[in-house]
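**Student:** If it helps, the file is called coords14.cif and holds mmCIF, C-alpha atoms:
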```
data_work
loop_
_atom_site.label_atom_id
_atom_site.label_comp_id
_atom_site.auth_asym_id
_atom_site.auth_seq_id
_atom_site.Cartn_x
_atom_site.Cartn_y
_atom_site.Cartn_z
CA MET A 19 19.87 -6.90 -8.28
CA ASN A 20 22.63 -8.75 -6.41
CA LEU A 21 21.04 -12.18 -6.16
CA TYR A 22 24.17 -13.69 -4.61
CA GLY A 23 24.01 -11.21 -1.74
CA ILE A 24 20.32 -11.85 -1.15
CA ARG A 25 20.86 -15.61 -1.23
CA ALA A 26 23.81 -15.39 1.19
CA ILE A 27 21.79 -13.46 3.79
CA TYR A 28 18.73 -15.66 3.24
CA ASN A 29 20.65 -18.93 3.57
CA PHE A 30 22.47 -17.68 6.68
CA GLU A 31 19.17 -16.87 8.41
CA MET A 32 17.54 -20.14 7.34
CA ALA A 33 20.56 -22.05 8.65
CA ARG A 34 20.00 -20.41 12.04
CA MET A 35 16.50 -21.88 12.06
CA ARG A 36 17.89 -25.36 11.41
CA ARG A 37 20.36 -24.96 14.25
CA THR A 38 17.66 -23.89 16.70
CA VAL A 39 14.75 -26.15 15.77
CA MET A 40 13.71 -26.60 19.40
CA GLN A 41 13.32 -22.85 19.92
CA SER A 42 12.24 -21.81 16.43
CA VAL A 43 9.73 -24.56 15.62
CA LEU A 44 8.94 -26.99 18.44
CA SER A 45 8.43 -24.38 21.16
CA PRO A 46 5.72 -22.31 19.37
CA VAL A 47 4.05 -25.48 18.04
CA ILE A 48 3.84 -26.99 21.54
CA SER A 49 2.54 -23.72 22.99
CA THR A 50 -0.20 -23.55 20.34
CA CYS A 51 -1.08 -27.21 20.92
CA LEU A 52 -1.72 -26.37 24.56
CA TYR A 53 -4.23 -23.74 23.43
CA PHE A 54 -5.91 -26.36 21.26
CA VAL A 55 -6.10 -28.80 24.18
CA VAL A 56 -7.42 -26.26 26.70
CA PHE A 57 -9.67 -24.07 24.56
CA GLY A 58 -10.40 -26.40 21.67
CA SER A 59 -11.03 -29.70 23.44
CA ALA A 60 -11.63 -29.04 27.14
CA ILE A 61 -13.46 -25.70 27.10
CA GLY A 62 -14.59 -25.85 23.48
CA SER A 63 -16.65 -28.99 24.05
CA ARG A 64 -18.72 -27.05 26.61
CA MET A 65 -19.11 -23.92 24.47
CA GLY A 66 -21.83 -23.25 21.95
CA ASP A 67 -21.22 -22.69 18.25
CA ILE A 68 -20.22 -19.26 16.94
CA ASP A 69 -21.68 -18.39 13.52
CA ASN A 70 -22.61 -22.09 13.20
CA ILE A 71 -18.97 -23.08 13.66
CA ALA A 72 -17.76 -25.29 16.51
CA TYR A 73 -15.85 -23.22 19.04
CA GLY A 74 -12.70 -25.35 18.76
CA ALA A 75 -12.62 -24.81 15.01
CA TYR A 76 -13.56 -21.13 15.29
CA ILE A 77 -10.44 -20.20 17.29
CA ILE A 78 -7.96 -21.96 14.96
CA PRO A 79 -7.35 -18.93 12.66
CA GLY A 80 -6.79 -16.68 15.67
CA LEU A 81 -4.32 -19.06 17.31
CA VAL A 82 -2.40 -19.50 14.07
CA MET A 83 -2.31 -15.73 13.66
CA LEU A 84 -1.03 -15.35 17.23
CA SER A 85 1.96 -17.62 16.54
CA LEU A 86 2.48 -16.12 13.09
CA LEU A 87 2.68 -12.54 14.33
CA MET A 88 4.94 -13.33 17.27
CA GLN A 89 7.35 -15.47 15.27
CA SER A 90 7.49 -13.07 12.30
CA ILE A 91 8.45 -10.21 14.60
CA SER A 92 10.87 -12.35 16.63
CA ASN A 93 12.66 -13.86 13.63
CA ALA A 94 13.14 -10.58 11.79
CA SER A 95 14.05 -8.46 14.82
CA PHE A 96 16.60 -10.96 16.15
CA GLY A 97 18.03 -11.51 12.67
CA ILE A 98 18.98 -7.85 12.17
CA TYR A 99 19.74 -7.11 15.83
CA MET A 100 22.49 -9.71 16.16
CA PRO A 101 24.68 -8.13 13.42
CA LYS A 102 24.25 -4.81 15.23
CA PHE A 103 25.12 -6.40 18.57
CA SER A 104 28.21 -8.18 17.23
CA GLY A 105 29.34 -5.32 14.98
CA THR A 106 29.09 -7.30 11.74
CA ILE A 107 26.35 -4.95 10.50
CA TYR A 108 29.13 -2.71 9.14
CA GLU A 109 30.30 -5.53 6.89
CA VAL A 110 26.78 -5.81 5.50
CA LEU A 111 26.49 -2.04 5.01
CA SER A 112 29.87 -1.86 3.25
CA ALA A 113 29.18 -4.88 1.03
CA PRO A 114 28.02 -4.33 -2.59
CA VAL A 115 24.37 -4.88 -1.69
CA SER A 116 21.65 -2.24 -1.59
CA TYR A 117 19.30 -1.77 1.33
CA VAL A 118 16.54 -3.37 -0.76
CA GLU A 119 18.63 -6.53 -1.11
CA VAL A 120 19.47 -6.53 2.61
CA VAL A 121 15.78 -6.28 3.49
CA LEU A 122 14.84 -8.99 0.97
CA GLY A 123 17.38 -11.35 2.52
CA TYR A 124 16.47 -10.83 6.18
CA VAL A 125 12.73 -10.32 5.78
CA GLY A 126 12.43 -13.08 3.18
CA ALA A 127 14.01 -15.59 5.56
CA ALA A 128 11.90 -14.44 8.52
CA ALA A 129 8.70 -14.63 6.48
CA THR A 130 9.62 -18.07 5.13
CA LYS A 131 10.18 -19.41 8.63
CA SER A 132 6.85 -17.98 9.79
CA VAL A 133 4.93 -19.48 6.86
CA ILE A 134 6.50 -22.89 7.50
CA LEU A 135 5.58 -22.63 11.17
CA GLY A 136 2.02 -21.58 10.33
CA LEU A 137 1.55 -24.58 8.03
CA ILE A 138 2.94 -26.93 10.69
CA ILE A 139 0.51 -25.53 13.26
CA LEU A 140 -2.41 -25.93 10.85
CA ALA A 141 -1.42 -29.54 10.22
CA THR A 142 -1.05 -30.16 13.96
CA ALA A 143 -4.50 -28.65 14.66
CA LYS A 144 -6.08 -31.51 12.70
CA PHE A 145 -5.14 -33.86 15.54
CA PHE A 146 -7.24 -31.83 17.99
CA VAL A 147 -10.04 -30.15 16.03
CA ASP A 148 -11.76 -30.96 12.76
CA TYR A 149 -11.87 -27.99 10.39
CA ASP A 150 -12.10 -27.17 6.70
CA VAL A 151 -10.53 -24.43 4.59
CA LEU A 152 -13.17 -22.90 2.35
CA HIS A 153 -10.79 -20.65 0.39
CA PRO A 154 -7.31 -22.26 0.30
CA PHE A 155 -5.86 -19.60 -2.03
CA TRP A 156 -6.91 -16.74 0.23
CA MET A 157 -5.76 -18.65 3.30
CA LEU A 158 -2.25 -18.97 1.87
CA SER A 159 -2.35 -15.38 0.62
CA PHE A 160 -3.19 -14.06 4.10
CA LEU A 161 -0.56 -16.34 5.60
CA VAL A 162 2.17 -14.99 3.32
CA LEU A 163 0.99 -11.36 3.42
CA THR A 164 0.81 -11.33 7.21
CA SER A 165 4.21 -13.00 7.54
CA VAL A 166 5.87 -10.48 5.22
CA THR A 167 4.16 -7.50 6.84
CA PHE A 168 5.09 -8.39 10.41
CA SER A 169 8.57 -9.50 9.39
CA LEU A 170 9.07 -5.97 8.07
CA PHE A 171 7.69 -4.66 11.35
CA GLY A 172 10.07 -6.93 13.26
CA PHE A 173 12.97 -5.67 11.12
CA ILE A 174 12.15 -2.14 12.24
CA ILE A 175 12.01 -3.25 15.89
CA GLY A 176 15.39 -4.98 15.53
CA ILE A 177 16.98 -1.77 14.25
CA TRP A 178 15.27 0.36 16.89
CA ALA A 179 16.22 -1.88 19.83
CA ASP A 180 19.47 -1.14 21.63
CA GLY A 181 19.19 -4.08 24.05
CA PHE A 182 17.79 -7.59 24.19
CA GLU A 183 14.99 -6.52 26.52
CA LYS A 184 13.66 -4.07 23.94
CA LEU A 185 13.27 -6.88 21.43
CA GLN A 186 10.53 -8.28 23.67
CA ILE A 187 8.74 -5.10 24.70
CA VAL A 188 6.63 -4.60 21.57
CA PRO A 189 5.72 -8.29 20.97
CA MET A 190 4.86 -9.01 24.60
CA MET A 191 3.42 -5.70 25.77
CA ILE A 192 1.63 -4.53 22.62
CA VAL A 193 1.17 -7.24 19.98
CA THR A 194 0.08 -10.06 22.31
CA PRO A 195 -2.69 -8.00 24.02
CA LEU A 196 -3.89 -6.78 20.62
CA VAL A 197 -4.14 -10.38 19.37
CA PHE A 198 -6.05 -11.57 22.44
CA LEU A 199 -8.41 -8.58 22.15
CA GLY A 200 -8.65 -8.89 18.37
CA GLY A 201 -11.19 -11.69 18.20
CA THR A 202 -8.93 -14.70 18.65
CA PHE A 203 -11.27 -16.42 21.10
CA TYR A 204 -14.54 -14.69 20.24
CA SER A 205 -16.42 -12.72 17.61
CA ILE A 206 -16.48 -8.98 18.17
CA ASP A 207 -20.20 -9.13 17.37
CA MET A 208 -20.57 -10.70 20.84
CA LEU A 209 -19.34 -7.47 22.46
CA PRO A 210 -21.48 -4.47 23.44
CA GLU A 211 -21.85 -1.95 20.65
CA VAL A 212 -19.42 0.51 22.22
CA TRP A 213 -16.67 -2.10 22.51
CA GLN A 214 -17.33 -3.26 18.96
CA THR A 215 -16.49 0.25 17.80
CA VAL A 216 -13.38 0.35 19.99
CA SER A 217 -12.26 -3.03 18.61
CA LEU A 218 -12.24 -1.62 15.07
CA PHE A 219 -9.24 0.52 16.07
CA ASN A 220 -7.30 -2.70 16.74
CA PRO A 221 -5.40 -3.52 13.51
CA VAL A 222 -5.13 -7.20 14.43
CA VAL A 223 -8.94 -7.52 14.17
CA TYR A 224 -8.67 -7.14 10.40
CA LEU A 225 -5.95 -9.76 10.11
CA ILE A 226 -7.79 -12.38 12.17
CA SER A 227 -11.13 -11.58 10.54
CA GLY A 228 -9.73 -11.95 7.02
CA PHE A 229 -7.89 -15.13 7.91
CA ARG A 230 -11.04 -16.61 9.50
CA TRP A 231 -13.04 -15.72 6.39
CA ALA A 232 -10.60 -17.79 4.31
CA PHE A 233 -11.43 -20.79 6.50
CA TYR A 234 -15.19 -20.53 7.03
CA GLY A 235 -16.52 -17.67 4.92
CA VAL A 236 -17.51 -15.63 8.01
CA SER A 237 -15.80 -12.51 9.31
CA ASP A 238 -16.29 -9.60 11.68
CA VAL A 239 -15.44 -7.06 8.97
CA HIS A 240 -15.69 -7.21 5.18
CA ILE A 241 -12.88 -9.14 3.51
CA ALA A 242 -11.99 -6.18 1.28
CA ILE A 243 -11.45 -4.00 4.36
CA SER A 244 -9.25 -6.71 5.93
CA VAL A 245 -7.06 -6.89 2.83
CA GLY A 246 -6.93 -3.11 2.55
CA MET A 247 -5.88 -2.58 6.17
CA THR A 248 -3.19 -5.24 5.85
CA LEU A 249 -1.80 -3.54 2.74
CA VAL A 250 -1.85 -0.17 4.52
CA PHE A 251 0.24 -1.59 7.38
CA LEU A 252 2.57 -3.27 4.87
CA THR A 253 3.08 0.05 3.07
CA ALA A 254 3.71 1.86 6.36
CA CYS A 255 6.41 -0.67 7.30
CA MET A 256 8.07 -0.32 3.89
CA VAL A 257 8.10 3.47 4.21
CA GLY A 258 9.57 3.14 7.72
CA ILE A 259 12.40 0.91 6.49
CA TRP A 260 13.09 3.25 3.57
CA TRP A 261 13.45 6.13 6.02
CA ILE A 262 15.75 4.12 8.29
CA PHE A 263 18.21 3.33 5.49
CA LYS A 264 17.95 6.84 4.04
CA THR A 265 18.85 8.47 7.36
CA GLY A 266 21.04 5.70 8.77
CA TYR A 267 18.97 5.63 11.97
CA ARG A 268 20.61 3.27 14.51
CA LEU A 269 22.80 1.84 11.72
CA ARG A 270 25.66 4.29 11.31
CA SER A 271 26.21 5.09 14.95
#
```
Take the structure in the file and give it back as structure tokens.
**Tutor:**
Amino acid sequence: MNLYGIRAIYNFEMARMRRTVMQSVLSPVISTCLYFVVFGSAIGSRMGDIDNIAYGAYIIPGLVMLSLLMQSISNASFGIYMPKFSGTIYEVLSAPVSYVEVVLGYVGAAATKSVILGLIILATAKFFVDYDVLHPFWMLSFLVLTSVTFSLFGFIIGIWADGFEKLQIVPMMIVTPLVFLGGTFYSIDMLPEVWQTVSLFNPVVYLISGFRWAFYGVSDVHIAISVGMTLVFLTACMVGIWWIFKTGYRLRS
């Protein structure tokens, strides 16, 4: 294992975060704060409790997950796309580092940035809504697992994309609707039975449900199913990346 190579890629990506604090940290935090103000304070004060949890507190896991997913994908996809765009990807491919070490460097940095952002948002939420974390270990575990999984997914998107506009297609057109329809602002138990069944085909439901369980001990699906579905998606992303480096898809041409 070439630890120097991993550390070089990791430090380079983390340095990019420090250079773009306004875009990488402040922008998503401010956007999430607006959700807290509108839905948590303004609308939430007029809403009833859900599962005996104040509405403002109930939506916190979903809002954190929204930022986490978007930033994990964005950080990882942009991180690997820029070397492709500038042509420096060939230096990485010809360097004495394996594809495992390349992925560890890029995905590790993207996941780290997402976890930091998630913790900042959770700390900021305390200024707007009072909440408790019933299972801190599982909360952090879901935070890290989700960040790693969607950073791997973002890495795949960054390799697949052949233009800057394609970097935004999947996050904006697919992931964002899935998050909003995945129980961020409501419990799927509130839906008609038919739509409850349809919602179970949304993979984000399991992420938000498991994350919410870590906070309040309530969930739309069993915690074991949430963990299992997350691990399935993680495995699928790892297999996808293995295939990309094995075939050289969008890397050698």
**Student:** Mind telling me what the PyMOL selection byres ((chain A and resi 49-55) around 9) catches here, as a list in words?
**Tutor:**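 Evaluating the PyMOL selection byres ((chain A and resi 49-55) around 9) on these coordinates yields Leu44, Ser45, Pro46, Val47, Ile48, Val56, Phe57, Gly58, Ser59, Ala60, Ile61, Gly62, Gly74, Ile77, Ile78, Leu81, Val82, Leu84, Ser85, Ile139, Thr142, Ala143, Phe146 and Val147 of chain A.
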**Student:** Write out as an mmCIF file with C-alpha atoms, in the coordinates of the input each polymer residue whose atoms come within 12 Å of Gly172 of chain A, counting only C-alpha atoms; drop sequence neighbours fewer than 2 positions from it.
**Tutor:**
```cif
data_model
loop_
_atom_site.group_PDB
_atom_site.id
_atom_site.type_symbol
_atom_site.label_atom_id
_atom_site.label_comp_id
_atom_site.auth_asym_id
_atom_site.auth_seq_id
_atom_site.Cartn_x
_atom_site.Cartn_y
_atom_site.Cartn_z
ATOM 1 C CA LEU A 86 2.480 -16.120 13.090
ATOM 2 C CA LEU A 87 2.680 -12.540 14.330
ATOM 3 C CA MET A 88 4.940 -13.330 17.270
ATOM 4 C CA GLN A 89 7.350 -15.470 15.270
ATOM 5 C CA SER A 90 7.490 -13.070 12.300
ATOM 6 C CA ILE A 91 8.450 -10.210 14.600
ATOM 7 C CA SER A 92 10.870 -12.350 16.630
ATOM 8 C CA ASN A 93 12.660 -13.860 13.630
ATOM 9 C CA ALA A 94 13.140 -10.580 11.790
ATOM 10 C CA SER A 95 14.050 -8.460 14.820
ATOM 11 C CA PHE A 96 16.600 -10.960 16.150
ATOM 12 C CA GLY A 97 18.030 -11.510 12.670
ATOM 13 C CA ILE A 98 18.980 -7.850 12.170
ATOM 14 C CA TYR A 99 19.740 -7.110 15.830
ATOM 15 C CA VAL A 121 15.780 -6.280 3.490
ATOM 16 C CA TYR A 124 16.470 -10.830 6.180
ATOM 17 C CA VAL A 125 12.730 -10.320 5.780
ATOM 18 C CA ALA A 128 11.900 -14.440 8.520
ATOM 19 C CA ALA A 129 8.700 -14.630 6.480
ATOM 20 C CA THR A 164 0.810 -11.330 7.210
ATOM 21 C CA SER A 165 4.210 -13.000 7.540
ATOM 22 C CA VAL A 166 5.870 -10.480 5.220
ATOM 23 C CA THR A 167 4.160 -7.500 6.840
ATOM 24 C CA PHE A 168 5.090 -8.390 10.410
ATOM 25 C CA SER A 169 8.570 -9.500 9.390
ATOM 26 C CA LEU A 170 9.070 -5.970 8.070
ATOM 27 C CA ILE A 174 12.150 -2.140 12.240
ATOM 28 C CA ILE A 175 12.010 -3.250 15.890
ATOM 29 C CA GLY A 176 15.390 -4.980 15.530
ATOM 30 C CA ILE A 177 16.980 -1.770 14.250
ATOM 31 C CA TRP A 178 15.270 0.360 16.890
ATOM 32 C CA ALA A 179 16.220 -1.880 19.830
ATOM 33 C CA LYS A 184 13.660 -4.070 23.940
ATOM 34 C CA LEU A 185 13.270 -6.880 21.430
ATOM 35 C CA GLN A 186 10.530 -8.280 23.670
ATOM 36 C CA ILE A 187 8.740 -5.100 24.700
ATOM 37 C CA VAL A 188 6.630 -4.600 21.570
ATOM 38 C CA PRO A 189 5.720 -8.290 20.970
ATOM 39 C CA VAL A 193 1.170 -7.240 19.980
ATOM 40 C CA LEU A 252 2.570 -3.270 4.870
ATOM 41 C CA CYS A 255 6.410 -0.670 7.300
ATOM 42 C CA MET A 256 8.070 -0.320 3.890
ATOM 43 C CA GLY A 258 9.570 3.140 7.720
ATOM 44 C CA ILE A 259 12.400 0.910 6.490
#
```
**Student:** Just to confirm, what's the straight-line distance from atom CA of Phe198 of chain A to atom CA of Met247 of chain A in Å (one decimal)?
**Tutor:**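 Atom-to-atom, atom CA of Phe198 of chain A to atom CA of Met247 of chain A, that is 18.6 Å.
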**Student:** Identify, on the basis of only C-alpha atoms, every residue whose closest approach to Ser116 of chain A does not exceed 10 Å; exclude the query and any residue fewer than 5 positions from it along the same chain; express the result as a ChimeraX atom specification.
**Tutor:** /A:19-20,23-24,110-111,121-122,263
**Student:** Rounded to one decimal in Å, what is the spacing between atom CA of Lys144 of chain A and atom CA of Gly235 of chain A?
**Tutor:**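 Interatomic distance here is 19.0 Å.
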**Student:** Just say which residues the PyMOL selection byres ((chain A and resi 35) around 12) picks in this file, as a list in words.
**Tutor:**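 Checking the PyMOL selection byres ((chain A and resi 35) around 12) against this file, the residues are Tyr28, Asn29, Phe30, Glu31, Met32, Ala33, Arg34, Arg36, Arg37, Thr38, Val39, Met40, Gln41, Ser42, Val43, Leu44, Gln89, Ser92, Asn93, Ala94, Phe96, Gly97, Ala127, Ala128, Thr130, Lys131, Ser132, Ile134 and Leu135 of chain A.
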**Student:** What's the separation between atom CA of Met190 of chain A and atom CA of Phe160 of chain A, in Å to one decimal place?
**Tutor:**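 Separating atom CA of Met190 of chain A from atom CA of Phe160 of chain A is a distance of 22.6 Å.
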**Student:** Tell me which of A:Ser205, A:Thr248, A:Ser237, A:Thr194 sits closest to Leu225 of chain A, counting all atoms listed in the file.
**Tutor:**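 Of the candidates, the smallest distance to Leu225 of chain A is held by A:Thr248.
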**Student:** Nearest residue to Ile206 of chain A out of A:Ala26, A:Val250, A:Ile68, A:Tyr108, using all atoms listed in the file?
**Tutor:**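 Of A:Ala26, A:Val250, A:Ile68, A:Tyr108, the one nearest Ile206 of chain A, counting all atoms listed in the file, is A:Ile68.
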**Student:** Choose the residue, out of A:Tyr117, A:Glu211, A:Asp67, A:Gly246, that has the smallest atom-to-atom separation from Trp261 of chain A; count all atoms listed in the file.
**Tutor:**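 Going through A:Tyr117, A:Glu211, A:Asp67, A:Gly246 one by one, the smallest distance to Trp261 of chain A is for A:Tyr117.
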